[in-house]
file data.cif (mmCIF, C-alpha atoms and all ligand atoms)
data_query
loop_
_atom_site.group_PDB
_atom_site.id
_atom_site.type_symbol
_atom_site.label_atom_id
_atom_site.label_comp_id
_atom_site.auth_asym_id
_atom_site.auth_seq_id
_atom_site.Cartn_x
_atom_site.Cartn_y
_atom_site.Cartn_z
ATOM 1 C CA MET A 1 55.537 117.541 47.663
ATOM 2 C CA ALA A 2 55.202 114.691 50.074
ATOM 3 C CA ASN A 3 57.822 114.092 52.695
ATOM 4 C CA GLU A 4 58.936 110.654 51.553
ATOM 5 C CA SER A 5 60.808 109.671 54.693
ATOM 6 C CA MET A 6 57.850 110.495 56.960
ATOM 7 C CA ARG A 7 55.512 108.569 54.706
ATOM 8 C CA GLN A 8 57.891 105.613 54.787
ATOM 9 C CA GLN A 9 58.051 105.869 58.560
ATOM 10 C CA LEU A 10 54.253 105.721 58.782
ATOM 11 C CA SER A 11 54.208 102.828 56.346
ATOM 12 C CA LEU A 12 56.776 100.922 58.421
ATOM 13 C CA LEU A 13 54.958 101.692 61.645
ATOM 14 C CA TYR A 14 51.736 100.470 60.089
ATOM 15 C CA GLN A 15 53.490 97.267 58.983
ATOM 16 C CA LEU A 16 54.858 96.837 62.500
ATOM 17 C CA GLN A 17 51.366 97.286 63.887
ATOM 18 C CA GLU A 18 49.950 94.662 61.507
ATOM 19 C CA HIS A 19 52.839 92.374 62.375
ATOM 20 C CA ASP A 20 52.138 92.829 66.087
ATOM 21 C CA ARG A 21 48.453 92.219 65.571
ATOM 22 C CA GLU A 22 49.276 88.873 63.998
ATOM 23 C CA LEU A 23 51.810 88.135 66.716
ATOM 24 C CA LEU A 24 49.210 88.897 69.392
ATOM 25 C CA SER A 25 46.657 86.580 67.857
ATOM 26 C CA ILE A 26 49.256 83.787 67.585
ATOM 27 C CA HIS A 27 50.135 84.426 71.237
ATOM 28 C CA GLU A 28 46.504 84.215 72.273
ATOM 29 C CA ARG A 29 46.084 80.921 70.444
ATOM 30 C CA PHE A 30 49.341 79.642 71.993
ATOM 31 C CA ASN A 31 48.172 80.583 75.494
ATOM 32 C CA SER A 32 44.706 79.098 75.027
ATOM 33 C CA ILE A 33 45.975 75.594 74.252
ATOM 34 C CA PRO A 34 46.771 74.423 77.836
ATOM 35 C CA HIS A 35 43.242 75.441 78.826
ATOM 36 C CA GLN A 36 41.808 73.431 75.947
ATOM 37 C CA ILE A 37 43.847 70.388 76.955
ATOM 38 C CA LYS A 38 42.537 70.760 80.513
ATOM 39 C CA GLN A 39 38.972 70.862 79.214
ATOM 40 C CA LEU A 40 39.543 67.579 77.385
ATOM 41 C CA GLU A 41 40.808 66.042 80.623
ATOM 42 C CA ALA A 42 37.840 67.405 82.565
ATOM 43 C CA HIS A 43 35.518 65.752 80.091
ATOM 44 C CA VAL A 44 37.105 62.340 80.664
ATOM 45 C CA THR A 45 37.197 62.905 84.422
ATOM 46 C CA LYS A 46 33.443 63.429 84.337
ATOM 47 C CA PHE A 47 33.018 60.091 82.579
ATOM 48 C CA LYS A 48 35.243 58.405 85.141
ATOM 49 C CA THR A 49 33.151 59.908 87.945
ATOM 50 C CA ASP A 50 30.034 58.490 86.288
ATOM 51 C CA ILE A 51 31.689 55.057 86.183
ATOM 52 C CA THR A 52 32.563 55.247 89.886
ATOM 53 C CA ALA A 53 28.979 56.193 90.757
ATOM 54 C CA LYS A 54 27.608 53.351 88.637
ATOM 55 C CA SER A 55 30.066 50.850 90.196
ATOM 56 C CA ASP A 56 29.018 51.966 93.674
ATOM 57 C CA GLU A 57 25.383 51.506 92.729
ATOM 58 C CA LEU A 58 26.110 48.001 91.434
ATOM 59 C CA ALA A 59 27.989 47.090 94.616
ATOM 60 C CA GLU A 60 24.998 48.221 96.693
ATOM 61 C CA VAL A 61 22.576 46.088 94.679
ATOM 62 C CA GLU A 62 24.893 43.077 94.881
ATOM 63 C CA LYS A 63 25.087 43.549 98.638
ATOM 64 C CA SER A 64 21.274 43.502 98.913
ATOM 65 C CA LEU A 65 21.242 40.406 96.738
ATOM 66 C CA ARG A 66 23.671 38.623 99.077
ATOM 67 C CA SER A 67 21.610 39.634 102.065
ATOM 68 C CA LYS A 68 18.384 38.301 100.445
ATOM 69 C CA ASN A 69 20.117 35.008 99.647
ATOM 70 C CA ALA A 70 21.316 34.814 103.241
ATOM 71 C CA ASP A 71 17.678 35.313 104.358
ATOM 72 C CA LEU A 72 16.649 32.343 102.226
ATOM 73 C CA GLU A 73 19.389 30.177 103.737
ATOM 74 C CA MET A 74 18.456 31.229 107.239
ATOM 75 C CA ASN A 75 14.798 30.413 106.604
ATOM 76 C CA GLU A 76 15.792 27.068 105.158
ATOM 77 C CA ALA A 77 17.615 26.198 108.382
ATOM 78 C CA GLN A 78 14.655 27.374 110.428
ATOM 79 C CA ARG A 79 12.278 25.335 108.295
ATOM 80 C CA GLU A 80 14.412 22.211 108.877
ATOM 81 C CA LYS A 81 14.285 22.905 112.583
ATOM 82 C CA TYR A 82 10.473 23.195 112.575
ATOM 83 C CA LYS A 83 10.177 19.989 110.539
ATOM 84 C CA ASN A 84 12.344 18.137 113.046
ATOM 85 C CA GLU A 85 10.220 19.485 115.862
ATOM 86 C CA GLN A 86 7.072 18.367 114.007
ATOM 87 C CA ARG A 87 8.389 14.788 114.066
ATOM 88 C CA GLU A 88 8.706 14.953 117.832
ATOM 89 C CA VAL A 89 5.533 16.802 118.912
ATOM 90 C CA THR A 90 2.704 14.767 120.304
ATOM 91 C CA SER A 91 -0.224 17.190 120.150
ATOM 92 C CA ASN A 92 -2.053 18.111 117.022
ATOM 93 C CA ASP A 93 -2.191 21.780 118.064
ATOM 94 C CA ALA A 94 1.576 21.933 118.422
ATOM 95 C CA TYR A 95 1.934 20.253 115.012
ATOM 96 C CA ILE A 96 -0.404 22.777 113.391
ATOM 97 C CA ALA A 97 1.378 25.657 115.099
ATOM 98 C CA LEU A 98 4.647 24.481 113.572
ATOM 99 C CA GLU A 99 2.929 23.996 110.201
ATOM 100 C CA ASN A 100 1.774 27.617 110.378
ATOM 101 C CA GLN A 101 5.339 28.734 111.131
ATOM 102 C CA ILE A 102 6.585 26.810 108.109
ATOM 103 C CA GLU A 103 3.890 28.317 105.897
ATOM 104 C CA PHE A 104 4.870 31.739 107.139
ATOM 105 C CA LEU A 105 8.487 31.027 106.154
ATOM 106 C CA ASP A 106 7.361 29.782 102.731
ATOM 107 C CA LYS A 107 5.382 32.948 102.163
ATOM 108 C CA LYS A 108 8.359 35.059 103.242
ATOM 109 C CA ASP A 109 10.606 33.118 100.853
ATOM 110 C CA ASP A 110 8.228 33.670 97.943
ATOM 111 C CA GLU A 111 8.459 37.405 98.534
ATOM 112 C CA THR A 112 12.241 37.252 98.885
ATOM 113 C CA GLU A 113 12.608 35.238 95.677
ATOM 114 C CA GLY A 114 10.568 37.834 93.811
ATOM 115 C CA GLU A 115 12.845 40.537 95.180
ATOM 116 C CA ILE A 116 15.929 38.519 94.250
ATOM 117 C CA LEU A 117 14.717 38.252 90.656
ATOM 118 C CA GLU A 118 14.212 41.990 90.478
ATOM 119 C CA LEU A 119 17.639 42.651 91.990
ATOM 120 C CA MET A 120 19.253 40.258 89.506
ATOM 121 C CA GLU A 121 17.627 42.144 86.637
ATOM 122 C CA THR A 122 18.950 45.396 88.065
ATOM 123 C CA VAL A 123 22.437 43.878 88.337
ATOM 124 C CA ASP A 124 22.325 42.845 84.670
ATOM 125 C CA LEU A 125 21.145 46.279 83.634
ATOM 126 C CA LEU A 126 23.819 48.064 85.692
ATOM 127 C CA LYS A 127 26.527 45.771 84.328
ATOM 128 C CA GLU A 128 25.416 46.583 80.791
ATOM 129 C CA GLU A 129 25.404 50.312 81.489
ATOM 130 C CA LEU A 130 28.797 50.039 83.122
ATOM 131 C CA ALA A 131 30.232 48.188 80.118
ATOM 132 C CA ASP A 132 28.839 50.888 77.804
ATOM 133 C CA LEU A 133 30.344 53.633 79.941
ATOM 134 C CA GLU A 134 33.693 51.886 80.057
ATOM 135 C CA ALA A 135 33.710 51.460 76.275
ATOM 136 C CA GLU A 136 32.805 55.117 75.922
ATOM 137 C CA VAL A 137 35.495 56.301 78.302
ATOM 138 C CA ALA A 138 38.040 54.176 76.453
ATOM 139 C CA ARG A 139 37.003 55.815 73.191
ATOM 140 C CA GLU A 140 37.111 59.280 74.785
ATOM 141 C CA ASP A 141 40.526 58.538 76.246
ATOM 142 C CA GLN A 142 41.874 57.503 72.893
ATOM 143 C CA ASN A 143 40.288 60.489 71.207
ATOM 144 C CA ASN A 144 41.672 62.845 73.844
ATOM 145 C CA ASN A 145 45.159 61.461 73.601
ATOM 146 C CA LYS A 146 45.053 62.076 69.880
ATOM 147 C CA LYS A 147 43.662 65.606 70.293
ATOM 148 C CA THR A 148 46.109 66.399 73.085
ATOM 149 C CA SER A 149 49.089 65.451 70.966
ATOM 150 C CA GLU A 150 47.652 67.507 68.117
ATOM 151 C CA TYR A 151 47.352 70.476 70.473
ATOM 152 C CA GLN A 152 50.881 69.947 71.723
ATOM 153 C CA GLU A 153 52.155 69.752 68.171
ATOM 154 C CA GLU A 154 50.259 72.921 67.301
ATOM 155 C CA ARG A 155 51.668 74.644 70.368
ATOM 156 C CA LYS A 156 55.189 73.672 69.358
ATOM 157 C CA ASN A 157 54.621 75.068 65.873
ATOM 158 C CA LEU A 158 53.117 78.257 67.287
ATOM 159 C CA LYS A 159 56.120 78.685 69.543
ATOM 160 C CA ALA A 160 58.400 78.442 66.510
ATOM 161 C CA LEU A 161 56.199 80.915 64.651
ATOM 162 C CA ILE A 162 56.275 83.332 67.595
ATOM 163 C CA ASP A 163 60.075 83.110 67.706
ATOM 164 C CA GLU A 164 60.215 83.789 63.991
ATOM 165 C CA LYS A 165 57.814 86.733 64.247
ATOM 166 C CA MET A 166 59.719 88.168 67.202
ATOM 167 C CA GLN A 167 62.868 87.911 65.129
ATOM 168 C CA GLN A 168 61.190 89.724 62.228
ATOM 169 C CA ARG A 169 60.048 92.375 64.655
ATOM 170 C CA THR A 170 63.607 93.218 65.609
ATOM 171 C CA GLN A 171 64.242 93.881 61.928
ATOM 172 C CA TYR A 172 61.441 96.434 61.713
ATOM 173 C CA LEU A 173 62.288 98.319 64.838
ATOM 174 C CA PRO A 174 65.655 99.857 63.892
ATOM 175 C CA LYS A 175 64.137 101.294 60.706
ATOM 176 C CA ILE A 176 61.545 103.286 62.607
ATOM 177 C CA ASP A 177 62.209 106.522 64.400
ATOM 178 C CA LYS A 178 62.624 105.972 68.135
ATOM 179 C CA THR A 179 60.104 108.692 69.002
ATOM 180 C CA LEU A 180 57.495 106.973 66.858
ATOM 181 C CA THR A 181 58.067 103.523 68.330
ATOM 182 C CA THR A 182 57.961 104.983 71.839
ATOM 183 C CA LEU A 183 54.615 106.652 71.101
ATOM 184 C CA TYR A 184 53.426 103.427 69.534
ATOM 185 C CA HIS A 185 54.399 101.225 72.471
ATOM 186 C CA ARG A 186 52.972 103.654 74.979
ATOM 187 C CA TRP A 187 49.655 103.698 73.117
ATOM 188 C CA ILE A 188 49.547 99.907 72.789
ATOM 189 C CA GLU A 189 50.242 99.377 76.494
ATOM 190 C CA ARG A 190 47.576 101.827 77.542
ATOM 191 C CA ARG A 191 44.832 101.148 75.046
ATOM 192 C CA LYS A 192 45.568 97.758 73.567
ATOM 193 C CA GLY A 193 44.421 98.799 70.122
ATOM 194 C CA ASP A 194 45.658 100.319 66.898
ATOM 195 C CA PHE A 195 47.897 103.354 67.092
ATOM 196 C CA VAL A 196 48.023 103.987 63.360
ATOM 197 C CA ALA A 197 44.726 104.404 61.549
ATOM 198 C CA LEU A 198 44.550 104.173 57.794
ATOM 199 C CA GLY A 199 42.829 107.123 56.176
ATOM 200 C CA LYS A 200 41.031 106.020 53.034
ATOM 201 C CA ASN A 201 38.278 107.654 50.989
ATOM 202 C CA GLY A 202 38.349 110.542 53.417
ATOM 203 C CA THR A 203 37.468 108.313 56.356
ATOM 204 C CA CYS A 204 39.431 107.224 59.430
ATOM 205 C CA GLY A 205 39.828 103.441 59.203
ATOM 206 C CA SER A 206 39.586 103.049 62.958
ATOM 207 C CA CYS A 207 36.656 105.177 64.084
ATOM 208 C CA ARG A 208 35.014 105.348 60.637
ATOM 209 C CA LEU A 209 34.415 109.080 60.929
ATOM 210 C CA THR A 210 35.123 111.539 58.151
ATOM 211 C CA ILE A 211 38.542 113.149 58.216
ATOM 212 C CA GLN A 212 38.134 116.892 58.009
ATOM 213 C CA PRO A 213 39.468 118.241 54.669
ATOM 214 C CA GLN A 214 42.026 120.487 56.377
ATOM 215 C CA ASN A 215 43.311 117.542 58.415
ATOM 216 C CA MET A 216 43.393 115.371 55.291
ATOM 217 C CA LYS A 217 45.489 117.953 53.449
ATOM 218 C CA GLU A 218 47.910 118.195 56.355
ATOM 219 C CA ALA A 219 48.186 114.418 56.606
ATOM 220 C CA GLN A 220 48.877 114.064 52.901
ATOM 221 C CA LYS A 221 51.929 116.286 53.257
ATOM 222 C CA TYR A 222 53.517 113.690 55.553
ATOM 223 C CA ASP A 223 55.704 116.221 57.264
ATOM 224 C CA LYS A 224 54.390 115.802 60.782
ATOM 225 C CA LEU A 225 52.159 113.447 62.695
ATOM 226 C CA VAL A 226 48.490 114.202 62.086
ATOM 227 C CA TYR A 227 45.953 112.728 64.459
ATOM 228 C CA CYS A 228 42.349 111.789 63.860
ATOM 229 C CA THR A 229 40.340 114.490 65.657
ATOM 230 C CA SER A 230 37.872 111.912 66.812
ATOM 231 C CA CYS A 231 39.791 108.782 67.944
ATOM 232 C CA LYS A 232 43.200 110.490 68.376
ATOM 233 C CA ARG A 233 45.064 107.861 66.423
ATOM 234 C CA VAL A 234 47.898 108.774 64.075
ATOM 235 C CA LEU A 235 46.544 109.031 60.562
ATOM 236 C CA TYR A 236 48.351 107.293 57.770
ATOM 237 C CA VAL A 237 46.339 108.579 54.836
ATOM 238 C CA GLU A 238 46.418 107.471 51.223
ATOM 239 C CA PRO A 239 48.738 109.616 49.131
ATOM 240 C CA PRO A 240 47.265 112.269 46.818
ATOM 241 C CA THR A 241 48.549 110.378 43.767
ATOM 242 C CA SER A 242 48.321 106.665 43.088
ATOM 243 C CA ASP A 243 51.954 106.277 41.986
ATOM 244 C CA ILE A 244 53.076 106.296 45.646
ATOM 245 C CA PRO A 245 52.881 102.890 47.355
ATOM 246 C CA TYR A 246 50.201 102.532 50.014
ATOM 247 C CA PRO A 247 49.808 101.396 52.731
HETATM 248 ZN ZN ZN B 301 39.609 108.031 63.981
#
call {"tool": "encode", "arguments": {"input": "data.cif", "output": "C-alpha cells", "more": "lines below"}}
Ligand SMILES: [Zn+2]
result
Amino acid sequence: MANESMRQQLSLLYQLQEHDRELLSIHERFNSIPHQIKQLEAHVTKFKTDITAKSDELAEVEKSLRSKNADLEMNEAQREKYKNEQREVTSNDAYIALENQIEFLDKKDDETEGEILELMETVDLLKEELADLEAEVAREDQNNNKKTSEYQEERKNLKALIDEKMQQRTQYLPKIDKTLTTLYHRWIERRKGDFVALGKNGTCGSCRLTIQPQNMKEAQKYDKLVYCTSCKRVLYVEPPTSDIPYP
C-alpha cells in the first residue's frame, strides 16, 4: 500500500520544481531585455558613426574644391598681370616670354578645371550617399523606438508575471515538508538542475538510465526518498496502478 502523504509530497515538490523552472526561464527573459535594447542602440550608433565619417569625407572634398577654385582665381589675377606687362614691354622676346607664362597658366587651369569637375562629381555622389544614410538612420531610429517600447512593455508584463509566480510559490512551500524543500533548495543552488526526476517506463527521466527493479519497487512504496543510483536525483516514479494521479 502506497504511502499517500509521501507520494503527495513528491508530487508537490515536482510541481514546485516545474513552477521554478518556468519562473527561471521568465527571469532569464526578463534579464535579457536590457541587453537587447542596448544592442538596438549599438546598431543605430554604428549608423551614426558611418554618417559622421561620410560627412567628414564630404567636408574634405569640399575643402579641396575651394582650394582648386582659389587656384583658378589666383591664376586669373596673374594672367591679368602678365597681360598688362605685355602692353608695356618693348622687346619681342619679353613679349613672347610673357606669352609663354600665360600659356603655362592656361594649361594649369585646364588641368585644375578637370580636377574641379571630378571633385564636383564626388561631392554629388557623397551627398547622395549621405542622404541615403540619413534616411536609413531615421528609419532605424523609428524602428528601434518602436521595438524598445515593445521590449519595455514586455519587461513590465514579465515583472508582473514574476510577481505572480513568486506569490504562487509561497502557496506551494508551506504544503511541502521542510526537510524536502531544504534538500531541494540545496540541490538547486549547487547543481542548478532538477532535483526530482520522474521515473516512467522503468527509466529515470533525468539521466535516461534504467531504474533497477529493486529500486523501482522501493520507490513505488513512497515511504522514503529513493534516489536514482546513477544521477542521484530523487525519484518520483509512476504509481503501480493507474488510478493514482501522476505526476
Ligand atoms: Zn537518473
call {"tool": "closest_residue", "arguments": {"input": "data.cif", "among": "A:Glu140, A:Glu76, A:Asp223, A:Glu154", "to": "Phe47 (chain A)", "atoms": "all atoms listed in the file"}}
result
A:Glu140
call {"tool": "resolve_selection", "arguments": {"input": "data.cif", "expression": "the PyMOL selection byres (((chain A and resi 69) around 12) and not hetatm)", "output": "ChimeraX atom specification"}}
result
/A:62-68,70-76,109,111-117,119-120
call {"tool": "resolve_selection", "arguments": {"input": "data.cif", "expression": "the PyMOL selection byres (((chain A and resi 176-185) around 12) and not hetatm)", "output": "PyMOL selection string"}}
result
chain A and resi 5-17+20+169-175+186-197+224-225+233-234
call {"tool": "closest_residue", "arguments": {"input": "data.cif", "among": "A:Lys221, A:Lys127, A:Arg87, A:Lys200", "to": "ligand ZN 301 (chain B)", "atoms": "only C-alpha atoms and all ligand atoms"}}
result
A:Lys200
call {"tool": "resolve_selection", "arguments": {"input": "data.cif", "expression": "the PyMOL selection byres (((not hetatm)) within 7 of (chain B and resi 301))", "output": "count of residues only"}}
result
13
call {"tool": "atom_distance", "arguments": {"input": "data.cif", "atom1": "CA of Thr45 (chain A)", "atom2": "CA of Glu128 (chain A)"}}
result
20.5 Å
call {"tool": "atom_distance", "arguments": {"input": "data.cif", "atom1": "CA of Arg155 (chain A)", "atom2": "CA of Arg139 (chain A)"}}
result
24.0 Å
call {"tool": "build_atoms", "arguments": {"input": "data.cif", "residues": "region 190-212 of chain A", "atoms": "N, CA and C atoms", "output": "PDB file, in the frame of the given file"}}
result
ATOM      1  N   ARG A 190      48.698 101.179  76.865  1.00  0.00           N
ATOM      2  CA  ARG A 190      47.576 101.827  77.542  1.00  0.00           C
ATOM      3  C   ARG A 190      46.224 101.416  76.973  1.00  0.00           C
ATOM      4  N   ARG A 191      46.153 101.331  75.655  1.00  0.00           N
ATOM      5  CA  ARG A 191      44.832 101.148  75.046  1.00  0.00           C
ATOM      6  C   ARG A 191      44.612  99.806  74.378  1.00  0.00           C
ATOM      7  N   LYS A 192      45.683  99.074  74.202  1.00  0.00           N
ATOM      8  CA  LYS A 192      45.568  97.758  73.567  1.00  0.00           C
ATOM      9  C   LYS A 192      44.769  97.792  72.259  1.00  0.00           C
ATOM     10  N   GLY A 193      45.093  98.741  71.434  1.00  0.00           N
ATOM     11  CA  GLY A 193      44.421  98.799  70.122  1.00  0.00           C
ATOM     12  C   GLY A 193      45.346  99.453  69.130  1.00  0.00           C
ATOM     13  N   ASP A 194      44.825  99.715  67.941  1.00  0.00           N
ATOM     14  CA  ASP A 194      45.658 100.319  66.898  1.00  0.00           C
ATOM     15  C   ASP A 194      46.131 101.714  67.296  1.00  0.00           C
ATOM     16  N   PHE A 195      47.357 102.002  66.903  1.00  0.00           N
ATOM     17  CA  PHE A 195      47.897 103.354  67.092  1.00  0.00           C
ATOM     18  C   PHE A 195      47.805 104.097  65.762  1.00  0.00           C
ATOM     19  N   VAL A 196      48.097 103.381  64.692  1.00  0.00           N
ATOM     20  CA  VAL A 196      48.023 103.987  63.360  1.00  0.00           C
ATOM     21  C   VAL A 196      46.674 103.637  62.728  1.00  0.00           C
ATOM     22  N   ALA A 197      45.986 104.655  62.245  1.00  0.00           N
ATOM     23  CA  ALA A 197      44.726 104.404  61.549  1.00  0.00           C
ATOM     24  C   ALA A 197      44.910 104.759  60.087  1.00  0.00           C
ATOM     25  N   LEU A 198      44.459 103.860  59.225  1.00  0.00           N
ATOM     26  CA  LEU A 198      44.550 104.173  57.794  1.00  0.00           C
ATOM     27  C   LEU A 198      43.460 105.179  57.445  1.00  0.00           C
ATOM     28  N   GLY A 199      43.837 106.169  56.623  1.00  0.00           N
ATOM     29  CA  GLY A 199      42.829 107.123  56.176  1.00  0.00           C
ATOM     30  C   GLY A 199      42.548 106.874  54.701  1.00  0.00           C
ATOM     31  N   LYS A 200      41.359 106.355  54.437  1.00  0.00           N
ATOM     32  CA  LYS A 200      41.031 106.020  53.034  1.00  0.00           C
ATOM     33  C   LYS A 200      39.675 106.600  52.695  1.00  0.00           C
ATOM     34  N   ASN A 201      39.536 107.062  51.455  1.00  0.00           N
ATOM     35  CA  ASN A 201      38.278 107.654  50.989  1.00  0.00           C
ATOM     36  C   ASN A 201      37.767 108.722  51.960  1.00  0.00           C
ATOM     37  N   GLY A 202      38.720 109.450  52.516  1.00  0.00           N
ATOM     38  CA  GLY A 202      38.349 110.542  53.417  1.00  0.00           C
ATOM     39  C   GLY A 202      37.818 110.104  54.770  1.00  0.00           C
ATOM     40  N   THR A 203      38.010 108.825  55.092  1.00  0.00           N
ATOM     41  CA  THR A 203      37.468 108.313  56.356  1.00  0.00           C
ATOM     42  C   THR A 203      38.572 107.690  57.199  1.00  0.00           C
ATOM     43  N   CYS A 204      38.475 107.867  58.522  1.00  0.00           N
ATOM     44  CA  CYS A 204      39.431 107.224  59.430  1.00  0.00           C
ATOM     45  C   CYS A 204      39.076 105.733  59.510  1.00  0.00           C
ATOM     46  N   GLY A 205      40.070 104.889  59.233  1.00  0.00           N
ATOM     47  CA  GLY A 205      39.828 103.441  59.203  1.00  0.00           C
ATOM     48  C   GLY A 205      39.513 102.853  60.562  1.00  0.00           C
ATOM     49  N   SER A 206      39.849 103.573  61.620  1.00  0.00           N
ATOM     50  CA  SER A 206      39.586 103.049  62.958  1.00  0.00           C
ATOM     51  C   SER A 206      38.215 103.438  63.487  1.00  0.00           C
ATOM     52  N   CYS A 207      37.929 104.746  63.503  1.00  0.00           N
ATOM     53  CA  CYS A 207      36.656 105.177  64.084  1.00  0.00           C
ATOM     54  C   CYS A 207      35.577 105.394  63.031  1.00  0.00           C
ATOM     55  N   ARG A 208      35.982 105.269  61.752  1.00  0.00           N
ATOM     56  CA  ARG A 208      35.014 105.348  60.637  1.00  0.00           C
ATOM     57  C   ARG A 208      34.416 106.741  60.431  1.00  0.00           C
ATOM     58  N   LEU A 209      34.978 107.736  61.114  1.00  0.00           N
ATOM     59  CA  LEU A 209      34.415 109.080  60.929  1.00  0.00           C
ATOM     60  C   LEU A 209      35.187 109.807  59.819  1.00  0.00           C
ATOM     61  N   THR A 210      34.530 110.779  59.249  1.00  0.00           N
ATOM     62  CA  THR A 210      35.123 111.539  58.151  1.00  0.00           C
ATOM     63  C   THR A 210      36.310 112.367  58.656  1.00  0.00           C
ATOM     64  N   ILE A 211      37.382 112.328  57.871  1.00  0.00           N
ATOM     65  CA  ILE A 211      38.542 113.149  58.216  1.00  0.00           C
ATOM     66  C   ILE A 211      38.284 114.539  57.633  1.00  0.00           C
ATOM     67  N   GLN A 212      38.412 115.543  58.497  1.00  0.00           N
ATOM     68  CA  GLN A 212      38.134 116.892  58.009  1.00  0.00           C
ATOM     69  C   GLN A 212      39.121 117.265  56.895  1.00  0.00           C
TER      70      GLN A 212
END
